[in-house]
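**Student:** Dropping in data09.pdb, with PDB, C-alpha atoms and all ligand atoms.
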```pdb
ATOM      1  CA  MET F   1     178.091 325.268 -21.910  1.00  0.00           C
ATOM      2  CA  ILE F   2     175.333 327.253 -23.605  1.00  0.00           C
ATOM      3  CA  LYS F   3     171.919 327.320 -21.936  1.00  0.00           C
ATOM      4  CA  PHE F   4     168.577 328.305 -23.419  1.00  0.00           C
ATOM      5  CA  LEU F   5     164.938 328.740 -22.460  1.00  0.00           C
ATOM      6  CA  PRO F   6     162.897 325.941 -24.061  1.00  0.00           C
ATOM      7  CA  GLU F   7     159.607 327.630 -23.178  1.00  0.00           C
ATOM      8  CA  SER F   8     160.388 330.708 -25.280  1.00  0.00           C
ATOM      9  CA  VAL F   9     161.573 329.024 -28.486  1.00  0.00           C
ATOM     10  CA  SER F  10     159.459 330.490 -31.281  1.00  0.00           C
ATOM     11  CA  VAL F  11     159.194 330.943 -35.020  1.00  0.00           C
ATOM     12  CA  VAL F  12     159.541 334.606 -35.990  1.00  0.00           C
ATOM     13  CA  LEU F  13     159.282 336.478 -39.289  1.00  0.00           C
ATOM     14  CA  GLU F  14     160.744 339.896 -38.547  1.00  0.00           C
ATOM     15  CA  GLU F  15     164.063 339.355 -36.788  1.00  0.00           C
ATOM     16  CA  VAL F  16     165.909 338.266 -39.953  1.00  0.00           C
ATOM     17  CA  PRO F  17     164.701 339.762 -43.256  1.00  0.00           C
ATOM     18  CA  ASP F  18     162.978 337.341 -45.633  1.00  0.00           C
ATOM     19  CA  ARG F  19     163.589 334.346 -43.399  1.00  0.00           C
ATOM     20  CA  VAL F  20     161.351 332.045 -41.389  1.00  0.00           C
ATOM     21  CA  THR F  21     163.435 331.976 -38.271  1.00  0.00           C
ATOM     22  CA  LEU F  22     163.606 329.733 -35.259  1.00  0.00           C
ATOM     23  CA  ALA F  23     164.532 332.065 -32.391  1.00  0.00           C
ATOM     24  CA  VAL F  24     166.171 330.716 -29.251  1.00  0.00           C
ATOM     25  CA  ASP F  25     166.786 332.777 -26.102  1.00  0.00           C
ATOM     26  CA  ILE F  26     170.291 332.144 -24.763  1.00  0.00           C
ATOM     27  CA  THR F  27     170.842 332.859 -21.063  1.00  0.00           C
ATOM     28  CA  ASN F  28     173.903 333.951 -19.072  1.00  0.00           C
ATOM     29  CA  CYS F  29     174.113 337.139 -21.158  1.00  0.00           C
ATOM     30  CA  GLN F  30     177.336 339.022 -20.510  1.00  0.00           C
ATOM     31  CA  GLY F  31     175.925 342.310 -21.761  1.00  0.00           C
ATOM     32  CA  HIS F  32     175.366 345.475 -19.768  1.00  0.00           C
ATOM     33  CA  CYS F  33     172.786 347.271 -21.857  1.00  0.00           C
ATOM     34  CA  GLU F  34     171.243 350.412 -20.404  1.00  0.00           C
ATOM     35  CA  GLY F  35     167.573 349.689 -19.895  1.00  0.00           C
ATOM     36  CA  CYS F  36     168.009 345.959 -20.595  1.00  0.00           C
ATOM     37  CA  HIS F  37     164.604 344.726 -21.751  1.00  0.00           C
ATOM     38  CA  SER F  38     165.178 341.110 -20.636  1.00  0.00           C
ATOM     39  CA  PRO F  39     167.207 341.191 -17.399  1.00  0.00           C
ATOM     40  CA  TRP F  40     166.327 337.584 -16.587  1.00  0.00           C
ATOM     41  CA  LEU F  41     168.485 336.494 -19.543  1.00  0.00           C
ATOM     42  CA  ARG F  42     171.523 337.612 -17.564  1.00  0.00           C
ATOM     43  CA  GLY F  43     171.004 334.721 -15.139  1.00  0.00           C
ATOM     44  CA  ASP F  44     172.879 331.451 -15.517  1.00  0.00           C
ATOM     45  CA  PHE F  45     169.927 329.106 -15.871  1.00  0.00           C
ATOM     46  CA  GLY F  46     167.931 327.160 -18.431  1.00  0.00           C
ATOM     47  CA  GLU F  47     168.627 323.910 -20.266  1.00  0.00           C
ATOM     48  CA  GLU F  48     171.873 323.015 -21.939  1.00  0.00           C
ATOM     49  CA  LEU F  49     171.644 323.591 -25.691  1.00  0.00           C
ATOM     50  CA  THR F  50     173.010 320.601 -27.569  1.00  0.00           C
ATOM     51  CA  PRO F  51     173.115 319.540 -31.228  1.00  0.00           C
ATOM     52  CA  ALA F  52     170.443 316.918 -30.493  1.00  0.00           C
ATOM     53  CA  LYS F  53     168.120 319.541 -29.018  1.00  0.00           C
ATOM     54  CA  MET F  54     168.621 321.821 -32.008  1.00  0.00           C
ATOM     55  CA  ASP F  55     167.865 318.903 -34.331  1.00  0.00           C
ATOM     56  CA  ALA F  56     164.630 318.229 -32.429  1.00  0.00           C
ATOM     57  CA  MET F  57     163.589 321.899 -32.609  1.00  0.00           C
ATOM     58  CA  ILE F  58     164.193 322.008 -36.348  1.00  0.00           C
ATOM     59  CA  GLU F  59     162.263 318.783 -36.835  1.00  0.00           C
ATOM     60  CA  ASP F  60     159.376 320.186 -34.777  1.00  0.00           C
ATOM     61  CA  ASN F  61     159.285 323.397 -36.822  1.00  0.00           C
ATOM     62  CA  PHE F  62     159.255 322.209 -40.408  1.00  0.00           C
ATOM     63  CA  GLY F  63     159.910 324.968 -42.913  1.00  0.00           C
ATOM     64  CA  VAL F  64     162.205 327.190 -40.876  1.00  0.00           C
ATOM     65  CA  ASN F  65     165.214 328.342 -42.869  1.00  0.00           C
ATOM     66  CA  CYS F  66     167.157 330.330 -40.300  1.00  0.00           C
ATOM     67  CA  PHE F  67     168.307 329.566 -36.750  1.00  0.00           C
ATOM     68  CA  LEU F  68     168.698 332.606 -34.521  1.00  0.00           C
ATOM     69  CA  PHE F  69     170.668 332.708 -31.282  1.00  0.00           C
ATOM     70  CA  LEU F  70     169.266 335.573 -29.198  1.00  0.00           C
ATOM     71  CA  GLY F  71     172.483 336.238 -27.316  1.00  0.00           C
ATOM     72  CA  GLU F  72     175.733 334.311 -27.155  1.00  0.00           C
ATOM     73  CA  GLY F  73     175.925 333.410 -23.480  1.00  0.00           C
ATOM     74  CA  ALA F  74     179.347 333.125 -21.881  1.00  0.00           C
ATOM     75  CA  ASP F  75     180.901 330.236 -23.796  1.00  0.00           C
ATOM     76  CA  VAL F  76     181.740 331.260 -27.355  1.00  0.00           C
ATOM     77  CA  ASP F  77     183.688 328.059 -28.052  1.00  0.00           C
ATOM     78  CA  THR F  78     180.550 325.991 -27.492  1.00  0.00           C
ATOM     79  CA  LEU F  79     178.421 328.486 -29.400  1.00  0.00           C
ATOM     80  CA  LEU F  80     180.696 328.067 -32.416  1.00  0.00           C
ATOM     81  CA  GLU F  81     180.528 324.276 -32.121  1.00  0.00           C
ATOM     82  CA  LEU F  82     176.731 324.493 -32.214  1.00  0.00           C
ATOM     83  CA  VAL F  83     176.804 326.727 -35.278  1.00  0.00           C
ATOM     84  CA  ARG F  84     179.252 324.409 -36.995  1.00  0.00           C
ATOM     85  CA  HIS F  85     176.802 321.589 -36.384  1.00  0.00           C
ATOM     86  CA  LEU F  86     173.993 323.573 -38.034  1.00  0.00           C
ATOM     87  CA  ASN F  87     176.170 324.600 -40.966  1.00  0.00           C
ATOM     88  CA  SER F  88     177.280 321.054 -41.686  1.00  0.00           C
ATOM     89  CA  LYS F  89     173.976 319.236 -41.091  1.00  0.00           C
ATOM     90  CA  TYR F  90     171.651 321.856 -42.617  1.00  0.00           C
ATOM     91  CA  PRO F  91     173.596 323.551 -45.429  1.00  0.00           C
ATOM     92  CA  LYS F  92     170.484 325.367 -46.682  1.00  0.00           C
ATOM     93  CA  MET F  93     169.656 326.808 -43.275  1.00  0.00           C
ATOM     94  CA  GLU F  94     171.125 330.186 -42.409  1.00  0.00           C
ATOM     95  CA  THR F  95     172.326 331.106 -38.954  1.00  0.00           C
ATOM     96  CA  ALA F  96     172.048 334.391 -37.098  1.00  0.00           C
ATOM     97  CA  LEU F  97     173.360 335.893 -33.883  1.00  0.00           C
ATOM     98  CA  TYR F  98     171.845 338.813 -32.004  1.00  0.00           C
ATOM     99  CA  SER F  99     174.686 339.996 -29.826  1.00  0.00           C
ATOM    100  CA  GLY F 100     174.350 342.737 -27.271  1.00  0.00           C
ATOM    101  CA  LEU F 101     178.043 343.059 -26.607  1.00  0.00           C
ATOM    102  CA  LEU F 102     180.225 346.016 -27.406  1.00  0.00           C
ATOM    103  CA  GLU F 103     183.010 343.730 -28.563  1.00  0.00           C
ATOM    104  CA  ILE F 104     182.107 340.487 -30.302  1.00  0.00           C
ATOM    105  CA  ASP F 105     184.450 337.530 -30.521  1.00  0.00           C
ATOM    106  CA  GLU F 106     186.009 337.890 -33.993  1.00  0.00           C
ATOM    107  CA  ARG F 107     185.423 334.232 -34.792  1.00  0.00           C
ATOM    108  CA  VAL F 108     181.659 334.638 -35.087  1.00  0.00           C
ATOM    109  CA  TRP F 109     182.131 336.439 -38.414  1.00  0.00           C
ATOM    110  CA  ASP F 110     183.444 333.191 -39.906  1.00  0.00           C
ATOM    111  CA  PHE F 111     180.408 331.067 -39.089  1.00  0.00           C
ATOM    112  CA  PHE F 112     177.178 333.081 -39.023  1.00  0.00           C
ATOM    113  CA  ASP F 113     175.183 334.389 -41.982  1.00  0.00           C
ATOM    114  CA  TYR F 114     173.773 337.334 -40.003  1.00  0.00           C
ATOM    115  CA  VAL F 115     175.245 339.140 -37.021  1.00  0.00           C
ATOM    116  CA  LYS F 116     173.549 341.913 -35.089  1.00  0.00           C
ATOM    117  CA  THR F 117     175.993 344.022 -33.106  1.00  0.00           C
ATOM    118  CA  GLY F 118     175.784 346.646 -30.426  1.00  0.00           C
ATOM    119  CA  PRO F 119     174.215 346.935 -27.008  1.00  0.00           C
ATOM    120  CA  TYR F 120     170.652 348.126 -26.635  1.00  0.00           C
ATOM    121  CA  ARG F 121     170.520 351.829 -25.766  1.00  0.00           C
ATOM    122  CA  ARG F 122     167.031 353.014 -24.938  1.00  0.00           C
ATOM    123  CA  SER F 123     167.754 356.571 -26.051  1.00  0.00           C
ATOM    124  CA  TYR F 124     168.823 355.392 -29.533  1.00  0.00           C
ATOM    125  CA  GLY F 125     166.095 352.810 -29.876  1.00  0.00           C
ATOM    126  CA  PRO F 126     166.121 349.214 -31.109  1.00  0.00           C
ATOM    127  CA  LEU F 127     167.012 347.901 -34.527  1.00  0.00           C
ATOM    128  CA  ASN F 128     163.863 349.247 -36.177  1.00  0.00           C
ATOM    129  CA  SER F 129     164.586 352.813 -35.092  1.00  0.00           C
ATOM    130  CA  PRO F 130     166.523 354.967 -37.624  1.00  0.00           C
ATOM    131  CA  THR F 131     168.468 356.410 -34.678  1.00  0.00           C
ATOM    132  CA  THR F 132     169.615 353.025 -33.407  1.00  0.00           C
ATOM    133  CA  ASN F 133     173.235 352.383 -32.514  1.00  0.00           C
ATOM    134  CA  GLN F 134     172.780 348.690 -33.351  1.00  0.00           C
ATOM    135  CA  ARG F 135     173.715 347.195 -36.708  1.00  0.00           C
ATOM    136  CA  MET F 136     172.641 344.088 -38.566  1.00  0.00           C
ATOM    137  CA  PHE F 137     175.133 342.601 -41.005  1.00  0.00           C
ATOM    138  CA  LYS F 138     174.643 340.003 -43.727  1.00  0.00           C
ATOM    139  CA  LEU F 139     177.762 337.921 -44.275  1.00  0.00           C
ATOM    140  CA  THR F 140     178.621 336.580 -47.691  1.00  0.00           C
ATOM    141  CA  ARG F 141     181.499 334.297 -48.456  1.00  0.00           C
ATOM    142  CA  GLY F 142     183.115 333.648 -51.777  1.00  0.00           C
ATOM    143  CA  GLY F 143     186.575 332.914 -53.017  1.00  0.00           C
ATOM    144  CA  GLY F 144     187.729 332.353 -49.469  1.00  0.00           C
ATOM    145  CA  LYS F 145     186.845 335.902 -48.457  1.00  0.00           C
ATOM    146  CA  ALA F 146     184.019 336.989 -46.185  1.00  0.00           C
ATOM    147  CA  SER F 147     182.335 340.326 -46.515  1.00  0.00           C
ATOM    148  CA  ALA F 148     179.793 341.964 -44.239  1.00  0.00           C
ATOM    149  CA  VAL F 149     177.045 344.197 -45.628  1.00  0.00           C
ATOM    150  CA  ASP F 150     175.144 346.478 -43.259  1.00  0.00           C
ATOM    151  CA  ILE F 151     171.418 345.761 -43.804  1.00  0.00           C
ATOM    152  CA  THR F 152     170.107 347.683 -40.781  1.00  0.00           C
ATOM    153  CA  GLU F 153     168.000 349.979 -42.986  1.00  0.00           C
ATOM    154  CA  ARG F 154     165.824 347.044 -43.896  1.00  0.00           C
ATOM    155  CA  PHE F 155     164.321 347.189 -40.391  1.00  0.00           C
ATOM    156  CA  TRP F 156     163.407 350.844 -40.468  1.00  0.00           C
ATOM    157  CA  HIS F 157     160.145 350.599 -42.379  1.00  0.00           C
ATOM    158  CA  ARG F 158     158.800 347.977 -40.021  1.00  0.00           C
ATOM    159  CA  GLY F 159     156.343 348.767 -37.301  1.00  0.00           C
ATOM    160  CA  ILE F 160     157.702 346.037 -35.105  1.00  0.00           C
ATOM    161  CA  ASP F 161     159.979 345.916 -32.134  1.00  0.00           C
ATOM    162  CA  PRO F 162     162.530 343.205 -32.837  1.00  0.00           C
ATOM    163  CA  ASN F 163     164.097 341.712 -29.777  1.00  0.00           C
ATOM    164  CA  ALA F 164     166.706 344.305 -28.973  1.00  0.00           C
ATOM    165  CA  HIS F 165     169.486 342.143 -27.599  1.00  0.00           C
TER     166      HIS F 165
HETATM  167  S1  LIG F 201     172.003 341.774 -24.684  1.00  0.00           S
HETATM  168 FE1  LIG F 201     169.798 341.662 -24.175  1.00  0.00          FE
HETATM  169  S2  LIG F 201     169.667 340.507 -22.253  1.00  0.00           S
HETATM  170 FE2  LIG F 201     171.815 341.117 -22.512  1.00  0.00          FE
HETATM  171  S3  LIG F 201     172.012 343.022 -21.330  1.00  0.00           S
HETATM  172 FE3  LIG F 201     171.546 343.585 -23.464  1.00  0.00          FE
HETATM  173  S4  LIG F 201     169.289 343.785 -23.568  1.00  0.00           S
HETATM  174 FE4  LIG F 201     169.818 342.650 -21.676  1.00  0.00          FE
END
```
Can you give me the file's structure in the form of structure tokens?

**Tutor:**
Amino acid sequence: MIKFLPESVSVVLEEVPDRVTLAVDITNCQGHCEGCHSPWLRGDFGEELTPAKMDAMIEDNFGVNCFLFLGEGADVDTLLELVRHLNSKYPKMETALYSGLLEIDERVWDFFDYVKTGPYRRSYGPLNSPTTNQRMFKLTRGGGKASAVDITERFWHRGIDPNAH
């Protein structure tokens, strides 16, 4: 099961370049980031995230063109089912994952359009710091092959502090 915080669902403009993004906080984070900025997200609480709830969120936020999972929780199988639902029902909507894990389940590369990797390290800074250890990748698929392009530099001119999961 994947759980989320309904009260913090929001539309954001900076977390995924050039996208109007619906951002959803996923709880039960399995990360161990030094200086974790959102320790409450490590608790196993919140509402179950289901395809019907995602449909309702998208309907309530007309115009969004990207769905962002802020964290992957502890149930990657269910996470991938949810992304498959988005990919099949909303083919024009992109999907993104902000992971804070050192090692990401390899399967996520087959389903998401954007994947942010790496734990938050306060001394290196978040994604918009040129010294960050985190990386944002854009996935493209063609001819049966997927390729990942590192687009982290696109965050470095921004005076914002993207959620550093
Ligand atoms: S991924 Fe986010 S919530 Fe999880 S430990 Fe890291 S900073 Fe905290």

**Student:** Please give me, as JSON, numbers by chain, the residues lying within 12 Å of ligand LIG 201 (chain F) when counting all atoms listed in the file.

**Tutor:** {"F": [25, 26, 27, 28, 29, 30, 31, 32, 33, 34, 35, 36, 37, 38, 39, 40, 41, 42, 43, 44, 69, 70, 71, 72, 73, 74, 97, 98, 99, 100, 101, 102, 103, 104, 116, 117, 118, 119, 120, 121, 122, 125, 126, 127, 134, 162, 163, 164, 165]}

**Student:** Quick one: contact table of range 49-116 of chain F to range 7-21 of chain F, 12 Å max, nearest atom pair and distance in Å to one decimal per residue, counting all atoms listed in the file, chain and number order, as a tab-separated table?

**Tutor:**
```
residue	atom	partner	partner_atom	distance
F:Leu49	CA	F:Val9	CA	11.8
F:Lys53	CA	F:Val9	CA	11.5
F:Met54	CA	F:Val9	CA	10.7
F:Ala56	CA	F:Val9	CA	11.9
F:Met57	CA	F:Val9	CA	8.5
F:Ile58	CA	F:Thr21	CA	10.2
F:Asp60	CA	F:Val11	CA	10.8
F:Asn61	CA	F:Val11	CA	7.8
F:Phe62	CA	F:Val20	CA	10.1
F:Gly63	CA	F:Val20	CA	7.4
F:Val64	CA	F:Val20	CA	5.0
F:Asn65	CA	F:Val20	CA	5.6
F:Cys66	CA	F:Thr21	CA	4.5
F:Phe67	CA	F:Thr21	CA	5.6
F:Leu68	CA	F:Thr21	CA	6.5
F:Phe69	CA	F:Thr21	CA	10.1
F:Leu70	CA	F:Glu15	CA	9.9
F:Lys92	CA	F:Arg19	CA	11.8
F:Met93	CA	F:Thr21	CA	9.5
F:Glu94	CA	F:Arg19	CA	8.7
F:Thr95	CA	F:Thr21	CA	9.0
F:Ala96	CA	F:Val16	CA	7.8
F:Leu97	CA	F:Val16	CA	9.9
F:Tyr98	CA	F:Glu15	CA	9.2
F:Asp113	CA	F:Val16	CA	10.3
F:Tyr114	CA	F:Val16	CA	7.9
F:Val115	CA	F:Val16	CA	9.8
F:Lys116	CA	F:Val16	CA	9.8
```

**Student:** Could you dump the residues just selected with C-alpha atoms as a JSON list (two decimals), keeping the file's coordinate frame?

**Tutor:**
```
[["chain", "number", "residue", "atom", "x", "y", "z"],
["F", 49, "LEU", "CA", 171.64, 323.59, -25.69],
["F", 53, "LYS", "CA", 168.12, 319.54, -29.02],
["F", 54, "MET", "CA", 168.62, 321.82, -32.01],
["F", 56, "ALA", "CA", 164.63, 318.23, -32.43],
["F", 57, "MET", "CA", 163.59, 321.90, -32.61],
["F", 58, "ILE", "CA", 164.19, 322.01, -36.35],
["F", 60, "ASP", "CA", 159.38, 320.19, -34.78],
["F", 61, "ASN", "CA", 159.28, 323.40, -36.82],
["F", 62, "PHE", "CA", 159.26, 322.21, -40.41],
["F", 63, "GLY", "CA", 159.91, 324.97, -42.91],
["F", 64, "VAL", "CA", 162.21, 327.19, -40.88],
["F", 65, "ASN", "CA", 165.21, 328.34, -42.87],
["F", 66, "CYS", "CA", 167.16, 330.33, -40.30],
["F", 67, "PHE", "CA", 168.31, 329.57, -36.75],
["F", 68, "LEU", "CA", 168.70, 332.61, -34.52],
["F", 69, "PHE", "CA", 170.67, 332.71, -31.28],
["F", 70, "LEU", "CA", 169.27, 335.57, -29.20],
["F", 92, "LYS", "CA", 170.48, 325.37, -46.68],
["F", 93, "MET", "CA", 169.66, 326.81, -43.28],
["F", 94, "GLU", "CA", 171.12, 330.19, -42.41],
["F", 95, "THR", "CA", 172.33, 331.11, -38.95],
["F", 96, "ALA", "CA", 172.05, 334.39, -37.10],
["F", 97, "LEU", "CA", 173.36, 335.89, -33.88],
["F", 98, "TYR", "CA", 171.84, 338.81, -32.00],
["F", 113, "ASP", "CA", 175.18, 334.39, -41.98],
["F", 114, "TYR", "CA", 173.77, 337.33, -40.00],
["F", 115, "VAL", "CA", 175.24, 339.14, -37.02],
["F", 116, "LYS", "CA", 173.55, 341.91, -35.09]]
```

**Student:** Rounded to one decimal in Å, what is the spacing between CA of Ala148 in chain F and CA of Asp77 in chain F?

**Tutor:**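 The value is 21.7 Å.
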
**Student:** Between CA of Asn87 in chain F and CA of Ala23 in chain F, what is the distance in Å, rounded to a tenth?

**Tutor:**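 Going from CA of Asn87 in chain F over to CA of Ala23 in chain F, I get 16.3 Å.
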
**Student:** Go ahead and find all residues with at least one atom no further than 7 Å from (173.6, 344.9, -39.7) in the file's coordinates, using all atoms listed in the file; report them as a list in words.

**Tutor:**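 Every polymer residue passing the test: Val115, Lys116, Arg135, Met136, Phe137, Lys138, Val149, Asp150, Ile151 and Thr152 of chain F.
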
**Student:** Kindly give the distance, in Å, that separates CA of Glu48 in chain F and CA of Lys89 in chain F, rounded to a single decimal.

**Tutor:**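 Computed distance, CA of Glu48 in chain F to CA of Lys89 in chain F, equals 19.6 Å.
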
**Student:** Between F:Pro91, F:Pro51, F:Gly46, F:Pro130, which is the closest to His157 in chain F once you count only C-alpha atoms?

**Tutor:** F:Pro130

**Student:** What box, with edges along x, y and z, holds each listed atom of range 35-53 of chain F when 5 Å is added on every side, and can you state its centre and edge lengths in Å to one decimal, as AutoDock Vina command-line options?

**Tutor:**
```
--center_x 168.9 --center_y 333.3 --center_z -23.2 --size_x 18.5 --size_y 42.8 --size_z 26.1
```

**Student:** Can we get range 128-149 of chain F of that structure written down with N, CA and C atoms, as a tab-separated table (two decimals), in the first residue's frame?

**Tutor:**
```
chain	number	residue	atom	x	y	z
F	128	ASN	N	18.87	22.49	-6.24
F	128	ASN	CA	19.21	23.76	-6.89
F	128	ASN	C	20.58	24.30	-6.49
F	129	SER	N	21.34	23.48	-5.75
F	129	SER	CA	22.70	23.88	-5.40
F	129	SER	C	23.69	23.21	-6.36
F	130	PRO	N	24.62	23.97	-6.96
F	130	PRO	CA	25.59	23.36	-7.89
F	130	PRO	C	26.46	22.30	-7.22
F	131	THR	N	26.50	22.27	-5.88
F	131	THR	CA	27.32	21.26	-5.20
F	131	THR	C	26.49	20.03	-4.81
F	132	THR	N	25.26	19.98	-5.21
F	132	THR	CA	24.39	18.89	-4.77
F	132	THR	C	24.90	17.52	-5.21
F	133	ASN	N	24.61	16.54	-4.39
F	133	ASN	CA	24.89	15.14	-4.76
F	133	ASN	C	23.69	14.52	-5.47
F	134	GLN	N	22.56	15.22	-5.48
F	134	GLN	CA	21.34	14.67	-6.08
F	134	GLN	C	21.34	14.91	-7.59
F	135	ARG	N	20.62	14.08	-8.30
F	135	ARG	CA	20.55	14.19	-9.76
F	135	ARG	C	19.13	14.02	-10.24
F	136	MET	N	18.76	14.84	-11.21
F	136	MET	CA	17.45	14.72	-11.84
F	136	MET	C	17.66	14.23	-13.28
F	137	PHE	N	16.96	13.15	-13.62
F	137	PHE	CA	17.09	12.58	-14.95
F	137	PHE	C	15.77	12.70	-15.71
F	138	LYS	N	15.88	12.99	-17.01
F	138	LYS	CA	14.73	12.93	-17.91
F	138	LYS	C	14.89	11.65	-18.72
F	139	LEU	N	13.82	10.84	-18.70
F	139	LEU	CA	13.84	9.57	-19.42
F	139	LEU	C	13.18	9.75	-20.77
F	140	THR	N	13.83	9.25	-21.80
F	140	THR	CA	13.18	9.22	-23.11
F	140	THR	C	13.19	7.78	-23.60
F	141	ARG	N	12.15	7.45	-24.34
F	141	ARG	CA	12.04	6.08	-24.82
F	141	ARG	C	11.75	6.10	-26.31
F	142	GLY	N	12.50	5.30	-27.02
F	142	GLY	CA	12.26	5.21	-28.46
F	142	GLY	C	12.91	3.96	-28.99
F	143	GLY	N	12.25	3.33	-29.91
F	143	GLY	CA	12.82	2.11	-30.49
F	143	GLY	C	13.05	1.02	-29.46
F	144	GLY	N	12.22	1.04	-28.40
F	144	GLY	CA	12.34	0.00	-27.39
F	144	GLY	C	13.46	0.24	-26.39
F	145	LYS	N	14.21	1.36	-26.57
F	145	LYS	CA	15.30	1.62	-25.65
F	145	LYS	C	15.00	2.87	-24.83
F	146	ALA	N	15.35	2.82	-23.55
F	146	ALA	CA	15.19	3.99	-22.70
F	146	ALA	C	16.55	4.63	-22.48
F	147	SER	N	16.56	5.96	-22.46
F	147	SER	CA	17.81	6.62	-22.12
F	147	SER	C	17.51	7.70	-21.10
F	148	ALA	N	18.47	7.92	-20.22
F	148	ALA	CA	18.31	8.89	-19.13
F	148	ALA	C	19.30	10.02	-19.33
F	149	VAL	N	18.78	11.25	-19.38
F	149	VAL	CA	19.64	12.43	-19.54
F	149	VAL	C	19.62	13.20	-18.23
```
